[in-house]
Each structure stands twice: as C-alpha cells, then as structure tokens.
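Colleague: The structure file input.cif (mmCIF, C-alpha atoms and all ligand atoms) is provided below.
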```
data_structure
loop_
_atom_site.label_atom_id
_atom_site.label_comp_id
_atom_site.auth_asym_id
_atom_site.auth_seq_id
_atom_site.Cartn_x
_atom_site.Cartn_y
_atom_site.Cartn_z
CA MET A 1 36.02 63.95 -10.97
CA ALA A 2 38.68 66.19 -12.43
CA ILE A 3 40.67 63.43 -13.96
CA ARG A 4 39.26 61.79 -17.02
CA SER A 5 40.70 59.01 -19.02
CA LEU A 6 39.80 56.34 -21.42
CA LEU A 7 43.20 55.48 -22.42
CA TRP A 8 45.72 53.00 -23.19
CA MET A 9 44.52 51.10 -20.32
CA PHE A 10 45.48 47.54 -20.29
CA LEU A 11 48.50 45.29 -20.27
CA ALA A 12 51.94 46.82 -20.16
CA GLY A 13 53.37 47.18 -23.60
CA ALA A 14 50.51 45.34 -25.21
CA PHE A 15 47.95 47.98 -25.85
CA CYS A 16 48.74 49.00 -29.37
CA PHE A 17 48.57 45.63 -30.86
CA LEU A 18 46.20 44.26 -33.32
CA ASN A 19 47.05 40.63 -33.72
CA GLY A 20 44.63 37.84 -34.15
CA GLU A 21 41.64 39.75 -35.40
CA THR A 22 40.77 39.20 -39.01
CA SER A 23 37.02 39.18 -38.89
CA VAL A 24 36.35 41.57 -41.77
CA GLN A 25 35.41 39.12 -44.55
CA LEU A 26 38.65 38.08 -46.15
CA GLN A 27 39.34 36.07 -49.26
CA PRO A 28 41.07 32.75 -48.62
CA PRO A 29 44.82 32.98 -49.24
CA ASP A 30 46.15 32.56 -52.78
CA TRP A 31 48.78 29.88 -52.18
CA ALA A 32 49.99 30.19 -55.80
CA ARG A 33 51.71 33.40 -54.70
CA LEU A 34 54.35 31.13 -53.16
CA ASP A 35 55.09 29.53 -56.57
CA ALA A 36 57.68 32.19 -57.39
CA PHE A 37 59.68 31.07 -54.34
CA GLN A 38 59.99 27.39 -55.30
CA GLY A 39 63.58 26.27 -54.88
CA THR A 40 64.81 29.64 -53.55
CA LEU A 41 65.41 28.87 -49.87
CA SER A 42 67.57 26.15 -48.39
CA LYS A 43 66.10 23.98 -45.68
CA SER A 44 68.48 25.43 -43.09
CA THR A 45 67.57 29.03 -43.99
CA PHE A 46 63.84 28.24 -43.78
CA GLU A 47 64.16 26.37 -40.50
CA GLN A 48 66.44 28.91 -38.82
CA THR A 49 64.29 31.86 -39.87
CA LEU A 50 61.17 30.04 -38.70
CA HIS A 51 62.61 29.34 -35.26
CA GLN A 52 64.54 32.57 -34.72
CA VAL A 53 61.94 35.04 -36.01
CA TYR A 54 58.56 33.67 -37.01
CA CYS A 55 57.67 30.78 -34.71
CA PRO A 56 59.97 29.75 -31.87
CA ARG A 57 57.98 26.71 -30.71
CA VAL A 58 57.57 23.50 -32.72
CA SER A 59 54.31 22.82 -30.83
CA TRP A 60 52.85 26.05 -32.25
CA TYR A 61 53.43 25.10 -35.90
CA GLN A 62 53.58 21.30 -36.05
CA ASP A 63 49.90 20.90 -37.03
CA TRP A 64 50.30 23.42 -39.84
CA ILE A 65 53.84 23.22 -41.18
CA LYS A 66 55.89 20.09 -41.82
CA LEU A 67 59.57 20.23 -42.69
CA ASN A 68 60.72 17.35 -44.87
CA GLU A 69 64.19 16.86 -46.33
CA SER A 70 63.46 18.43 -49.71
CA ALA A 71 60.36 20.56 -49.11
CA VAL A 72 58.19 22.24 -46.52
CA LEU A 73 54.49 21.34 -46.48
CA ILE A 74 52.06 24.03 -45.36
CA ARG A 75 48.44 23.16 -44.60
CA LYS A 76 46.27 25.19 -46.97
CA LYS A 77 42.97 25.07 -45.12
CA ARG A 78 42.14 24.44 -41.50
CA GLY A 79 40.39 21.10 -41.06
CA GLU A 80 41.45 19.79 -44.46
CA ASP A 81 44.27 17.49 -45.44
CA SER A 82 45.52 19.55 -48.39
CA TRP A 83 49.04 20.92 -48.33
CA TYR A 84 51.10 23.40 -50.31
CA SER A 85 54.55 21.99 -51.05
CA LEU A 86 57.44 24.46 -51.25
CA SER A 87 60.66 22.85 -52.46
CA PHE A 88 63.92 23.79 -50.83
CA SER A 89 66.84 24.89 -52.99
CA GLU A 90 69.51 22.41 -53.86
CA GLY A 91 72.97 22.40 -52.33
CA ASN A 92 72.03 24.54 -49.32
CA GLN A 93 72.00 27.73 -51.44
CA THR A 94 69.53 30.49 -50.70
CA ILE A 95 68.69 32.74 -53.63
CA SER A 96 67.09 35.97 -52.47
CA LYS A 97 64.21 37.22 -54.62
CA ASN A 98 64.60 40.62 -52.95
CA PRO A 99 67.71 42.52 -51.96
CA ASP A 100 68.70 41.41 -48.46
CA VAL A 101 68.81 44.95 -47.23
CA LEU A 102 67.45 48.01 -48.98
CA PHE A 103 69.97 49.09 -51.53
CA ALA A 104 72.38 51.73 -50.38
CA ASP A 105 73.02 54.48 -52.87
CA LYS A 106 76.71 55.10 -53.23
CA LYS A 107 76.22 58.86 -53.37
CA ASN A 108 75.02 59.17 -49.80
CA ASN A 109 71.42 59.86 -50.58
CA LEU A 110 68.18 57.91 -50.50
CA ASN A 111 67.22 58.56 -54.13
CA GLY A 112 65.00 55.77 -55.36
CA VAL A 113 64.02 54.52 -51.89
CA ARG A 114 60.24 54.55 -51.38
CA ILE A 115 59.16 54.83 -47.77
CA ALA A 116 55.57 54.87 -46.46
CA LEU A 117 54.98 56.35 -43.02
CA ASP A 118 52.01 54.93 -41.13
CA PRO A 119 50.85 57.21 -38.30
CA GLY A 120 49.24 54.76 -35.87
CA HIS A 121 45.50 55.00 -35.14
CA ILE A 122 43.14 57.71 -36.43
CA GLY A 123 43.16 60.39 -33.72
CA GLY A 124 41.00 63.50 -33.99
CA GLN A 125 37.36 62.88 -33.14
CA TYR A 126 37.98 59.12 -33.03
CA SER A 127 40.69 59.05 -30.34
CA GLU A 128 38.30 58.30 -27.46
CA MET A 129 36.55 55.54 -29.41
CA GLU A 130 39.98 54.03 -30.17
CA GLY A 131 40.98 54.16 -26.49
CA ARG A 132 44.05 56.18 -27.45
CA HIS A 133 43.16 59.32 -25.51
CA PHE A 134 43.52 60.70 -22.01
CA ALA A 135 43.12 64.08 -20.34
CA LEU A 136 44.26 65.06 -16.86
CA ASN A 137 42.89 67.86 -14.69
CA GLY A 138 41.13 69.63 -17.49
CA SER A 139 44.30 69.89 -19.59
CA LEU A 140 44.35 69.35 -23.32
CA PRO A 141 43.89 65.67 -24.13
CA VAL A 142 46.77 63.48 -25.24
CA LYS A 143 45.80 61.70 -28.47
CA GLU A 144 48.18 59.05 -29.74
CA GLY A 145 46.89 59.33 -33.32
CA ASP A 146 47.51 63.12 -33.46
CA LEU A 147 51.03 62.80 -32.04
CA ALA A 148 51.88 60.00 -34.47
CA LEU A 149 50.78 62.17 -37.41
CA SER A 150 52.90 65.11 -36.18
CA VAL A 151 55.93 62.80 -36.01
CA ALA A 152 55.18 61.44 -39.51
CA VAL A 153 54.97 64.94 -41.03
CA ARG A 154 58.33 65.91 -39.54
CA LEU A 155 59.96 62.59 -40.47
CA LYS A 156 58.74 62.96 -44.05
CA GLN A 157 60.52 66.33 -44.32
CA LYS A 158 63.76 64.84 -43.01
CA LEU A 159 63.75 61.72 -45.22
CA SER A 160 62.68 63.68 -48.30
CA GLY A 161 65.69 65.95 -47.70
CA LEU A 162 67.90 62.92 -48.40
CA GLY A 163 66.05 62.13 -51.61
CA ALA A 164 63.69 59.38 -50.42
CA ALA A 165 60.20 59.27 -51.95
CA VAL A 166 58.04 59.45 -48.82
CA LYS A 167 54.27 59.03 -48.58
CA LEU A 168 52.06 59.33 -45.51
CA ILE A 169 49.44 56.58 -45.29
CA ARG A 170 47.11 59.15 -43.71
CA GLU A 171 47.60 62.92 -43.87
CA LYS A 172 44.79 63.94 -41.53
CA ASN A 173 43.37 62.72 -38.26
CA GLU A 174 40.65 60.98 -40.26
CA PRO A 175 40.06 57.34 -41.21
CA VAL A 176 41.45 55.86 -44.43
CA THR A 177 38.55 53.38 -44.59
CA VAL A 178 35.31 54.70 -46.10
CA LEU A 179 33.28 52.46 -43.79
CA ARG A 180 31.97 53.56 -40.41
CA PRO A 181 30.76 51.63 -37.31
CA HIS A 182 27.14 51.46 -38.55
CA ASP A 183 28.33 49.53 -41.62
CA PHE A 184 29.24 46.61 -39.37
CA ALA A 185 25.83 46.04 -37.71
CA GLY A 186 25.30 42.67 -39.40
CA GLU A 187 28.76 41.38 -38.62
CA ALA A 188 28.56 42.57 -35.01
CA GLU A 189 25.17 40.86 -34.62
CA ILE A 190 26.65 37.54 -35.79
CA TRP A 191 29.58 37.97 -33.40
CA VAL A 192 27.30 38.69 -30.42
CA ARG A 193 25.16 35.63 -31.25
CA GLN A 194 28.27 33.47 -31.44
CA ARG A 195 29.31 34.74 -28.01
CA GLU A 196 25.89 33.87 -26.63
CA LEU A 197 26.13 30.34 -28.04
CA LEU A 198 29.63 29.94 -26.64
CA LEU A 199 28.70 31.22 -23.18
CA LYS A 200 25.31 29.44 -23.26
CA LYS A 201 23.52 32.57 -22.08
CA LYS A 202 21.50 35.47 -23.45
CA PHE A 203 22.84 38.96 -22.80
CA ASN A 204 20.36 41.41 -21.30
CA PRO A 205 19.38 44.26 -23.65
CA GLU A 206 21.80 46.72 -22.03
CA GLU A 207 24.80 44.34 -22.18
CA ARG A 208 23.86 43.40 -25.72
CA ALA A 209 23.69 47.02 -26.90
CA LYS A 210 27.08 47.76 -25.33
CA LEU A 211 28.72 44.68 -26.90
CA MET A 212 27.19 45.53 -30.28
CA ARG A 213 28.50 49.09 -30.12
CA LYS A 214 32.01 48.01 -29.07
CA ARG A 215 32.16 45.34 -31.76
CA LYS A 216 31.03 47.72 -34.52
CA GLU A 217 33.62 50.26 -33.38
CA ILE A 218 36.48 47.73 -33.32
CA LEU A 219 35.56 46.45 -36.76
CA PHE A 220 35.68 50.05 -37.98
CA TYR A 221 38.72 51.65 -36.36
CA ARG A 222 40.90 48.59 -36.12
CA ILE A 223 40.11 45.89 -38.65
CA SER A 224 38.56 47.85 -41.52
CA GLU A 225 40.96 50.77 -41.05
CA ILE A 226 44.11 48.66 -41.16
CA HIS A 227 42.86 46.64 -44.12
CA ALA A 228 42.14 49.90 -45.98
CA ARG A 229 45.68 51.07 -45.21
CA ALA A 230 47.07 47.74 -46.43
CA LYS A 231 45.20 48.12 -49.72
CA LEU A 232 46.75 51.54 -50.15
CA VAL A 233 50.23 50.22 -49.31
CA ASN A 234 50.05 47.02 -51.37
CA GLU A 235 48.23 48.33 -54.44
CA ASP A 236 49.05 52.04 -54.73
CA ILE A 237 52.11 53.14 -52.78
CA ARG A 238 54.05 49.84 -53.12
CA PRO A 239 56.90 51.10 -50.93
CA ASP A 240 60.23 49.45 -50.13
CA LEU A 241 59.61 49.98 -46.45
CA VAL A 242 56.78 50.97 -44.06
CA ILE A 243 57.49 52.68 -40.74
CA CYS A 244 54.57 52.42 -38.27
CA LEU A 245 54.65 55.26 -35.75
CA HIS A 246 53.07 54.80 -32.31
CA LEU A 247 53.59 55.87 -28.72
CA ASN A 248 53.34 53.44 -25.86
CA ALA A 249 51.44 53.82 -22.59
CA ALA A 250 51.54 52.01 -19.26
CA PRO A 251 48.68 50.75 -17.11
CA TRP A 252 47.62 53.21 -14.42
CA SER A 253 48.91 52.07 -11.04
CA ASP A 254 45.43 52.67 -9.60
CA PRO A 255 42.66 52.39 -12.22
CA GLU A 256 40.40 54.57 -10.05
CA LYS A 257 42.96 57.33 -9.67
CA PHE A 258 44.92 58.24 -12.75
CA GLU A 259 48.40 59.19 -11.63
CA LEU A 260 51.25 59.50 -14.07
CA VAL A 261 53.73 56.62 -13.93
CA GLU A 262 57.52 56.67 -13.62
CA ARG A 263 58.24 54.16 -16.39
CA ASN A 264 59.28 55.75 -19.71
CA ASP A 265 60.95 53.52 -22.28
CA PHE A 266 61.00 52.34 -25.89
CA HIS A 267 61.10 49.29 -28.10
CA VAL A 268 61.08 48.53 -31.81
CA LEU A 269 59.17 45.68 -33.47
CA VAL A 270 59.64 43.51 -36.50
CA ASN A 271 57.06 40.99 -37.69
CA GLY A 272 57.28 37.51 -36.20
CA CYS A 273 56.40 35.33 -33.19
CA TYR A 274 53.26 33.72 -34.61
CA MET A 275 51.58 31.71 -31.86
CA GLY A 276 49.64 28.47 -32.26
CA GLY A 277 46.18 30.02 -32.39
CA GLU A 278 47.34 32.57 -34.94
CA LEU A 279 48.85 29.88 -37.18
CA SER A 280 45.55 27.99 -37.13
CA ASP A 281 44.13 30.93 -39.13
CA ASP A 282 44.63 30.25 -42.87
CA ASN A 283 45.34 33.89 -43.75
CA GLN A 284 47.81 34.45 -40.92
CA ARG A 285 49.60 31.19 -41.77
CA PHE A 286 49.92 32.27 -45.40
CA GLU A 287 51.12 35.76 -44.45
CA MET A 288 53.80 34.33 -42.17
CA VAL A 289 55.18 32.02 -44.85
CA PHE A 290 54.90 34.78 -47.47
CA ARG A 291 56.95 37.14 -45.29
CA LEU A 292 59.50 34.41 -44.55
CA VAL A 293 60.11 33.47 -48.20
CA ASN A 294 60.41 37.15 -49.14
CA ARG A 295 63.06 37.38 -46.39
CA TRP A 296 61.69 40.75 -45.28
CA ASN A 297 62.84 39.87 -41.76
CA LYS A 298 66.43 40.67 -42.73
CA THR A 299 65.65 44.24 -43.82
CA GLU A 300 63.30 44.72 -40.86
CA GLN A 301 65.91 43.60 -38.33
CA HIS A 302 68.69 45.62 -39.95
CA ILE A 303 66.69 48.86 -39.84
CA ALA A 304 65.06 48.14 -36.46
CA GLU A 305 68.47 47.62 -34.86
CA SER A 306 69.82 50.84 -36.28
CA VAL A 307 66.72 52.75 -35.13
CA SER A 308 67.02 51.20 -31.66
CA HIS A 309 70.65 52.36 -31.39
CA ALA A 310 69.61 55.82 -32.56
CA PHE A 311 66.86 56.07 -29.90
CA THR A 312 69.30 55.06 -27.17
CA ARG A 313 71.89 57.59 -28.31
CA LYS A 314 69.47 60.45 -28.81
CA THR A 315 66.92 59.98 -26.00
CA ASN A 316 68.69 57.97 -23.31
CA LEU A 317 65.39 56.16 -22.77
CA PRO A 318 65.70 52.68 -21.23
CA ILE A 319 64.54 49.67 -23.19
CA PHE A 320 61.27 47.85 -22.69
CA ASN A 321 61.62 44.08 -22.39
CA TYR A 322 58.74 41.66 -22.93
CA LYS A 323 58.16 38.85 -20.47
CA GLY A 324 55.31 36.87 -22.08
CA PRO A 325 55.29 34.37 -24.97
CA ASN A 326 53.68 36.80 -27.44
CA ALA A 327 56.99 38.50 -28.28
CA LEU A 328 60.33 37.05 -29.30
CA LYS A 329 63.73 38.69 -28.92
CA VAL A 330 65.42 38.85 -32.30
CA GLY A 331 69.14 39.47 -32.76
CA ASN A 332 71.44 40.86 -30.10
CA VAL A 333 70.61 44.55 -30.17
CA PRO A 334 68.55 45.50 -27.10
CA GLY A 335 65.05 46.84 -27.74
CA VAL A 336 64.30 44.88 -30.94
CA TRP A 337 61.49 42.34 -30.67
CA ALA A 338 59.27 40.33 -33.02
CA ARG A 339 55.49 40.42 -32.70
CA ASN A 340 52.62 39.46 -34.95
CA LEU A 341 50.40 42.53 -35.38
CA LEU A 342 47.85 43.15 -38.09
CA ALA A 343 49.70 46.26 -39.31
CA ASN A 344 53.11 44.60 -39.55
CA ARG A 345 51.66 41.41 -41.07
CA ILE A 346 49.53 42.53 -44.01
CA TYR A 347 51.68 45.29 -45.53
CA HIS A 348 53.60 43.42 -48.23
CA CYS A 349 57.07 44.84 -47.69
CA PRO A 350 59.46 45.17 -44.74
CA VAL A 351 57.73 46.91 -41.80
CA VAL A 352 59.37 48.48 -38.75
CA PHE A 353 56.93 49.30 -35.94
CA LEU A 354 57.92 51.84 -33.28
CA GLU A 355 56.73 52.06 -29.69
CA PRO A 356 58.80 54.79 -28.03
CA TYR A 357 57.83 56.81 -24.94
CA VAL A 358 55.24 55.98 -22.30
CA ALA A 359 52.74 58.77 -22.94
CA ASN A 360 51.32 58.68 -19.39
CA SER A 361 54.73 58.88 -17.70
CA HIS A 362 55.78 62.04 -15.84
CA ASP A 363 58.59 62.71 -18.32
CA ALA A 364 56.72 62.13 -21.56
CA TYR A 365 53.48 63.81 -20.42
CA GLU A 366 55.29 66.99 -19.39
CA ARG A 367 56.98 67.16 -22.79
CA ILE A 368 53.79 66.39 -24.73
CA MET A 369 52.03 69.23 -22.90
CA LEU A 370 54.76 71.66 -24.08
CA GLY A 371 53.66 70.99 -27.68
CA ASN A 372 55.74 70.83 -30.82
CA TYR A 373 58.05 73.83 -30.26
CA LYS A 374 61.08 74.84 -32.31
CA GLY A 375 64.61 74.69 -30.84
CA LYS A 376 65.20 73.54 -27.28
CA LYS A 377 63.59 74.15 -23.90
CA LYS A 378 65.03 73.51 -20.47
CA ILE A 379 63.22 70.58 -18.86
CA ASN A 380 64.36 69.40 -15.41
CA GLY A 381 67.72 71.10 -15.97
CA LYS A 382 68.33 69.68 -19.46
CA TRP A 383 67.87 71.37 -22.82
CA LYS A 384 65.53 69.29 -24.94
CA GLU A 385 63.87 69.38 -28.33
CA SER A 386 60.14 68.80 -28.45
CA LEU A 387 59.14 65.18 -28.07
CA VAL A 388 57.84 65.10 -31.65
CA GLU A 389 61.13 66.47 -33.00
CA GLU A 390 63.22 64.09 -30.91
CA TYR A 391 61.09 61.10 -32.02
CA ALA A 392 61.28 62.04 -35.71
CA ASP A 393 65.01 62.71 -35.55
CA SER A 394 65.77 59.40 -33.80
CA VAL A 395 63.94 57.45 -36.52
CA PHE A 396 65.55 59.54 -39.24
CA LEU A 397 69.08 58.98 -37.89
CA GLY A 398 68.43 55.25 -37.52
CA ILE A 399 67.10 54.86 -41.06
CA LYS A 400 69.87 57.00 -42.50
CA LYS A 401 72.60 55.02 -40.80
CA SER A 402 71.07 51.68 -41.81
CA LEU A 403 70.60 52.56 -45.48
CA LEU A 404 73.56 54.71 -46.40
CA PRO A 405 77.11 53.48 -46.75
CA VAL A 406 79.48 54.58 -44.03
CA ARG A 407 81.38 57.74 -44.93
CA ARG A 408 85.10 57.11 -45.14
ZN ZN B 501 49.48 52.73 -30.90
#
```
Could you quickly redo this structure as structure tokens?

Modeller:
Amino acid sequence: MAIRSLLWMFLAGAFCFLNGETSVQLQPPDWARLDAFQGTLSKSTFEQTLHQVYCPRVSWYQDWIKLNESAVLIRKKRGEDSWYSLSFSEGNQTISKNPDVLFADKKNNLNGVRIALDPGHIGGQYSEMEGRHFALNGSLPVKEGDLALSVAVRLKQKLSGLGAAVKLIREKNEPVTVLRPHDFAGEAEIWVRQRELLLKKKFNPEERAKLMRKRKEILFYRISEIHARAKLVNEDIRPDLVICLHLNAAPWSDPEKFELVERNDFHVLVNGCYMGGELSDDNQRFEMVFRLVNRWNKTEQHIAESVSHAFTRKTNLPIFNYKGPNALKVGNVPGVWARNLLANRIYHCPVVFLEPYVANSHDAYERIMLGNYKGKKKINGKWKESLVEEYADSVFLGIKKSLLPVRR
C-alpha cells in the first residue's frame, strides 16, 4: 500500500495529551511546600479559582479537598485520614506571592524575562515510536517533533530580539532523558502482570511481548522524557514562563484509507480541569493545589488569550472547541481551554501549551510539504509565509502584546 501512517490517530483534539500517567517512580509530594502560602489566599479566591480553572465539579474533589470557613483541608495520602490545612487570609484579601502577570518592562523590551520553549515530543528517529509521524504516497514524512523544534528555533530568535532570555528545552530531535525503553523492562513487567490480574487472564506470548514493548516505549518517550524536561525546567532553567509547542492532528475519516481531512484549526491550553480520578493521585492533587496557590493560572490565561487573538488575526484559522468533560473553557476569549497534561502540570511556572494546525488537513499538509521557506509563496491564490514562520510569528506577537505595555 502506498499510503503509510502511524500517526496521530485517535480522538479528535486529544492525541497530544499526557495526563494521568505518572508511573515512573515518584517521590510522595512534599506538602510543606505549601507552608509559604499560609494565609495568602482568601476563601473566595481559592474557591473561585478551583471552580473556574482547576476543578469545575464538586463531586470530583469532595473526597480530597474540603473547604471550611477559615481553611482548606487537602487529603495528603490516598486511603489515609491525614489532611494538610491551608489557612485562608483574613478580611478577604489575597496576597500574591508572585506577580499576577509577568512584569512588563516600561522600555518596550523583554529584558529580564526568562522564557523556556518546549518543542513537543522527540521527533527524529523516535517519531514513529511516539505515534507522531505520517507519510503519504512516498512523500517525506511529517514528524510533529521536528516541526515543533523548527518553530522553537525561529521563536527563540524573535523573542531574543526583544531582549528575553530564551532557552530551548531540547535543541535536537533527540531525547532529554538518558533512559531508553530497555531501562523500563522491570516496570513494564509489573504493569503487564497487574493487567493480567485485573482482566483475570494470561496474555499469550505474542500479546504479552507487544504489550511489554509498548509499555517500555511509553515509559521512555512520554513519562521519563517529560520528567527529565521538568527537572531541567525546575532545577536549571527556572524560567518565568514555558511555551509548549505542538501541532494537532485529526482522526482519519477512514482508518483503512488515509485521506487528508478538511478540518484545520487551533486552540491554546492552560493547566486546569483536574478530573476525579486524577485528583485521587497524591502527586496530581498536590500539583493542582501548588499551581493554584502560586496563581500561575492568571499569567497563563493572560498570555494564552493574547496568543489566541494573535493566531486568529494572523492565520484566520477557526477555533477548536472541546465537547467532553476533560477540558474546561476558561475566560471569554475563544480558543483558550484548561486541561491537565503532564507537561503543563509538572513545570513549576506558568505554562502555555499550543495546539495549532491539523497536520493531516489538506491546508496544513500542503504547507508542511513546502518546507520552511523564506518570504511568501502563493498558495491557493493567497501569499503565505511558511507554516513554521507563521506559527512562530503568531506566538511571538501574542507574547509581545501580552507582556509589553501598550505604546501610546
Ligand atoms: Zn503533540
């Protein structure tokens, strides 16, 4: 068959996401990290932020988080009756430990702002393993990780030009983690055995080998890789802001016959919308509360909204809207949604996560195949920059407008 694809294959808009999985051995959360936030948030700020950004349903959090008049109690360990108590501030005052929005330099530059750019996935020789790869009719393959890195390189040049200190979390289409799939044999074995116990059946040797391989790969390219990036962000780079760069893809209309789709759109994500099962995980519960008390949601929403406006103005792409419970609309600007993803949860600073373009749409695919050219080319009667340039410039304009004071 001439058409080959491994891609981006499942649910609309959901394929890039990494929530829920935290199976690389993690330390239990250090609840004392919340001590610095005692008495800083009013009850109304905590409650509103919880409902409007982090957890819209009481039924999802009521077993884990209890709001009293003077404090919020957060269950420290699943299955145990021990609670962390975070006092609310007095007199309905909220004292921010961080600036509400990244400081705007009065001289119209981004001097002093530290931005880390996170090109999604690994790309290169790993793109097929990651399921972020497709090739049609013998053409060059489309690799999400490679495209994301090209956008990051261009965006770094633009932001650096305004004085920002910009770092790429990866500079090559190579993993950040030093581990590889074979390092996870023991963990994958335990996981497969647990599945057998749960399903009350033994896998045949072929099924077992396939499950083992898949599990080792996921632990490598997803879990271990993102935790390695988080270590770099939280311990070395320590940025004011992380921008995660991805491209979306849509399910093939016929999984047997890969035909490009019509849908081409964009959306921008902030962290939030923790569901019940996610909050039952001690680490995810801690991370949610840690992000809430740091009030990173305000910076994330401010920048995400500006970037969403910039994409609309520059690309004319329509907006992608979620329909399921795993995403929550935040604010009034179209295209900005909250989701709980590993990469926007465990980087300890504001994170804006981008999902523009549907890579397997007619429009985007045609532009991707033209490569990263300079200037403009006529496409379907309209002069257009390369997709990489247009993507980088949209993010740049959105960040610039959100961080710099308006010129008068
Ligand atoms: Zn992605």

Colleague: Return as an NGL selection string the residues of protein, DNA or RNA that approach ligand ZN 501 (chain B) to within 7 Å, with only C-alpha atoms and all ligand atoms taken into account.

Modeller: :A and (16 or 120-121 or 144 or 246-248)

Colleague: What gap, in Å, lies between CA of Asn326 (chain A) and CA of Gly131 (chain A)?

Modeller: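 Between CA of Asn326 (chain A) and CA of Gly131 (chain A) the gap is 21.5 Å.
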
Colleague: Just the residues within 12 Å of region 377-379 of chain A, please, counting only C-alpha atoms, with nothing from its chain fewer than 3 positions along; format it as a PDB file with C-alpha atoms, in the frame of the given file.

Modeller:
```
ATOM      1  CA  HIS A 362      55.780  62.040 -15.840  1.00  0.00           C
ATOM      2  CA  ASP A 363      58.590  62.710 -18.320  1.00  0.00           C
ATOM      3  CA  ALA A 364      56.720  62.130 -21.560  1.00  0.00           C
ATOM      4  CA  TYR A 365      53.480  63.810 -20.420  1.00  0.00           C
ATOM      5  CA  GLU A 366      55.290  66.990 -19.390  1.00  0.00           C
ATOM      6  CA  ARG A 367      56.980  67.160 -22.790  1.00  0.00           C
ATOM      7  CA  ILE A 368      53.790  66.390 -24.730  1.00  0.00           C
ATOM      8  CA  MET A 369      52.030  69.230 -22.900  1.00  0.00           C
ATOM      9  CA  LEU A 370      54.760  71.660 -24.080  1.00  0.00           C
ATOM     10  CA  GLY A 371      53.660  70.990 -27.680  1.00  0.00           C
ATOM     11  CA  ASN A 372      55.740  70.830 -30.820  1.00  0.00           C
ATOM     12  CA  TYR A 373      58.050  73.830 -30.260  1.00  0.00           C
ATOM     13  CA  LYS A 374      61.080  74.840 -32.310  1.00  0.00           C
ATOM     14  CA  LYS A 382      68.330  69.680 -19.460  1.00  0.00           C
ATOM     15  CA  TRP A 383      67.870  71.370 -22.820  1.00  0.00           C
ATOM     16  CA  LYS A 384      65.530  69.290 -24.940  1.00  0.00           C
ATOM     17  CA  GLU A 385      63.870  69.380 -28.330  1.00  0.00           C
ATOM     18  CA  SER A 386      60.140  68.800 -28.450  1.00  0.00           C
ATOM     19  CA  LEU A 387      59.140  65.180 -28.070  1.00  0.00           C
TER      20      LEU A 387
END
```

Colleague: Hey, can you pull every residue with an atom no more than 9 Å from (51.1, 25.4, -39.6), using all atoms listed in the file, and send it as a ChimeraX atom specification?

Modeller: /A:60-66,73-76,276,279-282,285

Colleague: Name the closest residue to Arg57 (chain A) among the candidates A:Met275, A:Cys244, A:Ala250, A:Pro181; distances are taken between atoms, counting only C-alpha atoms.

Modeller: A:Met275

Colleague: Got a sec: who's within 9 Å of region 209-215 of chain A, counting all atoms listed in the file, leaving out chain neighbours fewer than 2 positions off, as a VMD selection string?

Modeller: chain A and resid 129 181 to 182 184 to 185 187 to 189 191 to 192 204 to 207 217 to 220

Colleague: Can you spit out the residues from that selection as a tab-separated table (two decimals), in the frame of the given file, using C-alpha atoms?

Modeller:
```
chain	number	residue	atom	x	y	z
A	129	MET	CA	36.55	55.54	-29.41
A	181	PRO	CA	30.76	51.63	-37.31
A	182	HIS	CA	27.14	51.46	-38.55
A	184	PHE	CA	29.24	46.61	-39.37
A	185	ALA	CA	25.83	46.04	-37.71
A	187	GLU	CA	28.76	41.38	-38.62
A	188	ALA	CA	28.56	42.57	-35.01
A	189	GLU	CA	25.17	40.86	-34.62
A	191	TRP	CA	29.58	37.97	-33.40
A	192	VAL	CA	27.30	38.69	-30.42
A	204	ASN	CA	20.36	41.41	-21.30
A	205	PRO	CA	19.38	44.26	-23.65
A	206	GLU	CA	21.80	46.72	-22.03
A	207	GLU	CA	24.80	44.34	-22.18
A	217	GLU	CA	33.62	50.26	-33.38
A	218	ILE	CA	36.48	47.73	-33.32
A	219	LEU	CA	35.56	46.45	-36.76
A	220	PHE	CA	35.68	50.05	-37.98
```

Colleague: To one decimal in Å, tell me the separation between CA of Asn92 (chain A) and CA of Ala36 (chain A).

Modeller: 18.2 Å

Colleague: Could you list, as a list in words, every residue within 10 Å of Thr49 (chain A), counting only C-alpha atoms and ignoring same-chain residues fewer than 5 positions away?

Modeller: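 Surrounding residues, per the criterion: Lys43, Ser44, Tyr54, Cys55, Pro56, Gly272, Leu292, Val293, Arg295, Asn297 and Lys298 of chain A.
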
Colleague: With all atoms listed in the file as the counted atoms, please give the residues lying no more than 12 Å from Arg170 (chain A), apart from itself and same-chain residues fewer than 3 positions off, as a ChimeraX atom specification.

Modeller: /A:116-123,145-146,148-150,152-153,167,173-177,225-226,228-230,232-233,237,244-245

Colleague: Excluding Phe353 (chain A) and residues on its chain fewer than 4 positions from it, collect all residues at most 6 Å away from it, counting all atoms listed in the file, and give them as number ranges by chain.

Modeller: A: 243-244, 268-269

Colleague: Taking all atoms listed in the file into account, name the residue in A:Ile399, A:Leu317, A:Val336, A:Cys273 that is nearest to Gln52 (chain A).

Modeller: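 Going through A:Ile399, A:Leu317, A:Val336, A:Cys273 one by one, the smallest distance to Gln52 (chain A) is for A:Cys273.
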
Colleague: CA of Leu34 (chain A) and CA of Gln284 (chain A) are how many Å apart?

Modeller: 14.3 Å

Colleague: With distances taken over all atoms listed in the file, which of A:Ser306, A:Ala71, A:Ser402, A:Asn360 is nearest to Pro141 (chain A)?

Modeller: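 With all atoms listed in the file as the atom set, the closest residue is A:Asn360.
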
Colleague: Given all atoms listed in the file as the basis, pick out the residue of A:Arg238, A:Lys201, A:Arg263, A:His227 nearest to Ala165 (chain A).

Modeller: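 Among the listed residues, A:Arg238 lies closest to Ala165 (chain A).
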
Colleague: Counting only C-alpha atoms, which residue out of A:Asn316, A:Val53, A:Leu179, A:Pro29 sits closest to Ala338 (chain A)?

Modeller: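 Counting only C-alpha atoms, the residue closest to Ala338 (chain A) is A:Val53.
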
Colleague: Using all atoms listed in the file, pick whichever of A:Ser394, A:Asn340, A:Asn283, A:Ser224 has the shortest atom-to-atom distance to Thr312 (chain A).

Modeller: A:Ser394
